[in-house]
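Worksheet: the structure to be examined is printed underneath.
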Amino acid sequence: MAEEMIPEKAQVSVIDPFQVWKRMYFAFEDSLTKTMRDSVTTDSFANSLDWILNSYLQYLKLQKDFVAG
């Protein structure tokens, strides 16, 4: 009879900080992946890489000419 009068305890839910962090991390990763894919596939990105490569090659040529001359 004493057992019948004791109310059952409600289950306590504890927030798992790792699960929250994991969801935020993967959501950010997906967003960053989409942003990078969209920016890398543009013509302006390809042109900027071409400009950087040409600038670097000109610098190397200038350095080589300076050292050799």
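Within each chain, counting starts at residue 1; across the structure tokens, chains are named A, B, ... in the order shown, with ligands numbered 1 upward in that order.
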* To do: Check the DSSP output for the backbone and give back, as a ChimeraX atom specification, the residues of chain A in helix (DSSP H, G or I).
  => /A:2-5,17-40,43-68
Since we have the selection now, will you write its residues out, keeping N, CA and C atoms, as a compact mmCIF listing (two decimals), in the first residue's frame?
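out_3.txt, freshly written:
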# COMPACT_ATOMS: atom_id res chain seq x y z
N ALA A 2 1.95 1.22 0.71
CA ALA A 2 2.85 2.37 0.74
C ALA A 2 3.47 2.58 -0.63
N GLU A 3 3.69 1.49 -1.34
CA GLU A 3 4.28 1.59 -2.67
C GLU A 3 3.32 2.26 -3.65
N GLU A 4 2.05 2.06 -3.47
CA GLU A 4 1.06 2.64 -4.37
C GLU A 4 0.96 4.16 -4.23
N MET A 5 1.29 4.69 -3.07
CA MET A 5 1.13 6.11 -2.81
C MET A 5 2.32 6.93 -3.30
N PRO A 17 25.67 18.49 -24.45
CA PRO A 17 26.35 19.59 -25.15
C PRO A 17 27.10 19.11 -26.39
N PHE A 18 27.57 17.88 -26.38
CA PHE A 18 28.28 17.37 -27.54
C PHE A 18 27.36 17.24 -28.74
N GLN A 19 26.13 16.80 -28.53
CA GLN A 19 25.16 16.68 -29.63
C GLN A 19 24.83 18.05 -30.20
N VAL A 20 24.68 19.05 -29.32
CA VAL A 20 24.41 20.42 -29.79
C VAL A 20 25.58 20.91 -30.62
N TRP A 21 26.80 20.72 -30.10
CA TRP A 21 27.99 21.16 -30.83
C TRP A 21 28.10 20.43 -32.16
N LYS A 22 27.82 19.13 -32.17
CA LYS A 22 27.92 18.33 -33.39
C LYS A 22 26.95 18.82 -34.46
N ARG A 23 25.71 19.12 -34.06
CA ARG A 23 24.73 19.64 -35.03
C ARG A 23 25.17 20.99 -35.58
N MET A 24 25.65 21.87 -34.70
CA MET A 24 26.11 23.19 -35.16
C MET A 24 27.31 23.05 -36.09
N TYR A 25 28.24 22.16 -35.75
CA TYR A 25 29.44 21.96 -36.55
C TYR A 25 29.09 21.49 -37.96
N PHE A 26 28.25 20.47 -38.06
CA PHE A 26 27.91 19.94 -39.37
C PHE A 26 27.05 20.90 -40.18
N ALA A 27 26.20 21.68 -39.51
CA ALA A 27 25.41 22.69 -40.23
C ALA A 27 26.34 23.76 -40.80
N PHE A 28 27.32 24.20 -40.01
CA PHE A 28 28.28 25.19 -40.48
C PHE A 28 29.13 24.61 -41.61
N GLU A 29 29.55 23.36 -41.47
CA GLU A 29 30.36 22.72 -42.51
C GLU A 29 29.60 22.63 -43.83
N ASP A 30 28.33 22.27 -43.77
CA ASP A 30 27.52 22.20 -44.99
C ASP A 30 27.38 23.57 -45.63
N SER A 31 27.15 24.58 -44.81
CA SER A 31 27.00 25.94 -45.32
C SER A 31 28.30 26.43 -45.96
N LEU A 32 29.41 26.18 -45.29
CA LEU A 32 30.71 26.60 -45.82
C LEU A 32 31.05 25.86 -47.11
N THR A 33 30.73 24.57 -47.17
CA THR A 33 30.98 23.79 -48.38
C THR A 33 30.21 24.35 -49.56
N LYS A 34 28.95 24.68 -49.35
CA LYS A 34 28.14 25.24 -50.43
C LYS A 34 28.69 26.59 -50.88
N THR A 35 29.07 27.43 -49.93
CA THR A 35 29.62 28.74 -50.26
C THR A 35 30.91 28.61 -51.05
N MET A 36 31.80 27.73 -50.61
CA MET A 36 33.07 27.55 -51.31
C MET A 36 32.86 26.97 -52.71
N ARG A 37 31.96 26.01 -52.83
CA ARG A 37 31.67 25.45 -54.15
C ARG A 37 31.14 26.52 -55.10
N ASP A 38 30.24 27.34 -54.61
CA ASP A 38 29.67 28.40 -55.44
C ASP A 38 30.72 29.41 -55.86
N SER A 39 31.66 29.74 -54.97
CA SER A 39 32.66 30.75 -55.31
C SER A 39 33.78 30.19 -56.18
N VAL A 40 34.14 28.93 -56.00
CA VAL A 40 35.24 28.34 -56.77
C VAL A 40 34.85 28.09 -58.21
N ASP A 43 33.91 32.31 -62.95
CA ASP A 43 34.99 32.76 -63.85
C ASP A 43 35.91 33.74 -63.15
N SER A 44 35.38 34.56 -62.28
CA SER A 44 36.22 35.54 -61.58
C SER A 44 37.25 34.85 -60.69
N PHE A 45 36.88 33.72 -60.10
CA PHE A 45 37.84 32.97 -59.29
C PHE A 45 38.96 32.42 -60.17
N ALA A 46 38.61 31.87 -61.32
CA ALA A 46 39.62 31.35 -62.24
C ALA A 46 40.53 32.47 -62.74
N ASN A 47 39.95 33.62 -63.03
CA ASN A 47 40.75 34.76 -63.48
C ASN A 47 41.69 35.25 -62.38
N SER A 48 41.22 35.25 -61.15
CA SER A 48 42.08 35.70 -60.05
C SER A 48 43.24 34.72 -59.83
N LEU A 49 42.98 33.42 -59.96
CA LEU A 49 44.08 32.46 -59.85
C LEU A 49 45.09 32.65 -60.97
N ASP A 50 44.61 32.93 -62.17
CA ASP A 50 45.49 33.19 -63.31
C ASP A 50 46.35 34.42 -63.05
N TRP A 51 45.74 35.47 -62.50
CA TRP A 51 46.47 36.70 -62.20
C TRP A 51 47.54 36.45 -61.14
N ILE A 52 47.19 35.69 -60.10
CA ILE A 52 48.15 35.39 -59.04
C ILE A 52 49.32 34.57 -59.58
N LEU A 53 49.04 33.59 -60.41
CA LEU A 53 50.10 32.77 -61.00
C LEU A 53 51.01 33.61 -61.88
N ASN A 54 50.44 34.45 -62.72
CA ASN A 54 51.26 35.31 -63.59
C ASN A 54 52.11 36.27 -62.78
N SER A 55 51.55 36.83 -61.72
CA SER A 55 52.32 37.73 -60.86
C SER A 55 53.49 37.00 -60.21
N TYR A 56 53.25 35.80 -59.75
CA TYR A 56 54.31 35.02 -59.12
C TYR A 56 55.40 34.67 -60.13
N LEU A 57 55.01 34.29 -61.34
CA LEU A 57 56.01 33.97 -62.37
C LEU A 57 56.82 35.20 -62.76
N GLN A 58 56.19 36.36 -62.84
CA GLN A 58 56.92 37.59 -63.13
C GLN A 58 57.91 37.91 -62.02
N TYR A 59 57.49 37.69 -60.77
CA TYR A 59 58.39 37.90 -59.64
C TYR A 59 59.59 36.97 -59.72
N LEU A 60 59.36 35.70 -60.04
CA LEU A 60 60.47 34.75 -60.14
C LEU A 60 61.43 35.13 -61.27
N LYS A 61 60.87 35.59 -62.39
CA LYS A 61 61.72 36.01 -63.50
C LYS A 61 62.56 37.22 -63.10
N LEU A 62 61.94 38.18 -62.43
CA LEU A 62 62.66 39.37 -61.98
C LEU A 62 63.76 38.99 -60.99
N GLN A 63 63.47 38.10 -60.08
CA GLN A 63 64.46 37.66 -59.11
C GLN A 63 65.61 36.92 -59.80
N LYS A 64 65.29 36.07 -60.75
CA LYS A 64 66.32 35.32 -61.48
C LYS A 64 67.21 36.28 -62.27
N ASP A 65 66.60 37.26 -62.94
CA ASP A 65 67.38 38.23 -63.70
C ASP A 65 68.26 39.08 -62.79
N PHE A 66 67.76 39.42 -61.62
CA PHE A 66 68.52 40.24 -60.68
C PHE A 66 69.72 39.48 -60.14
N VAL A 67 69.53 38.21 -59.81
CA VAL A 67 70.62 37.40 -59.26
C VAL A 67 71.64 37.09 -60.35
N ALA A 68 71.17 36.81 -61.56
CA ALA A 68 72.08 36.45 -62.65
C ALA A 68 72.81 37.68 -63.20
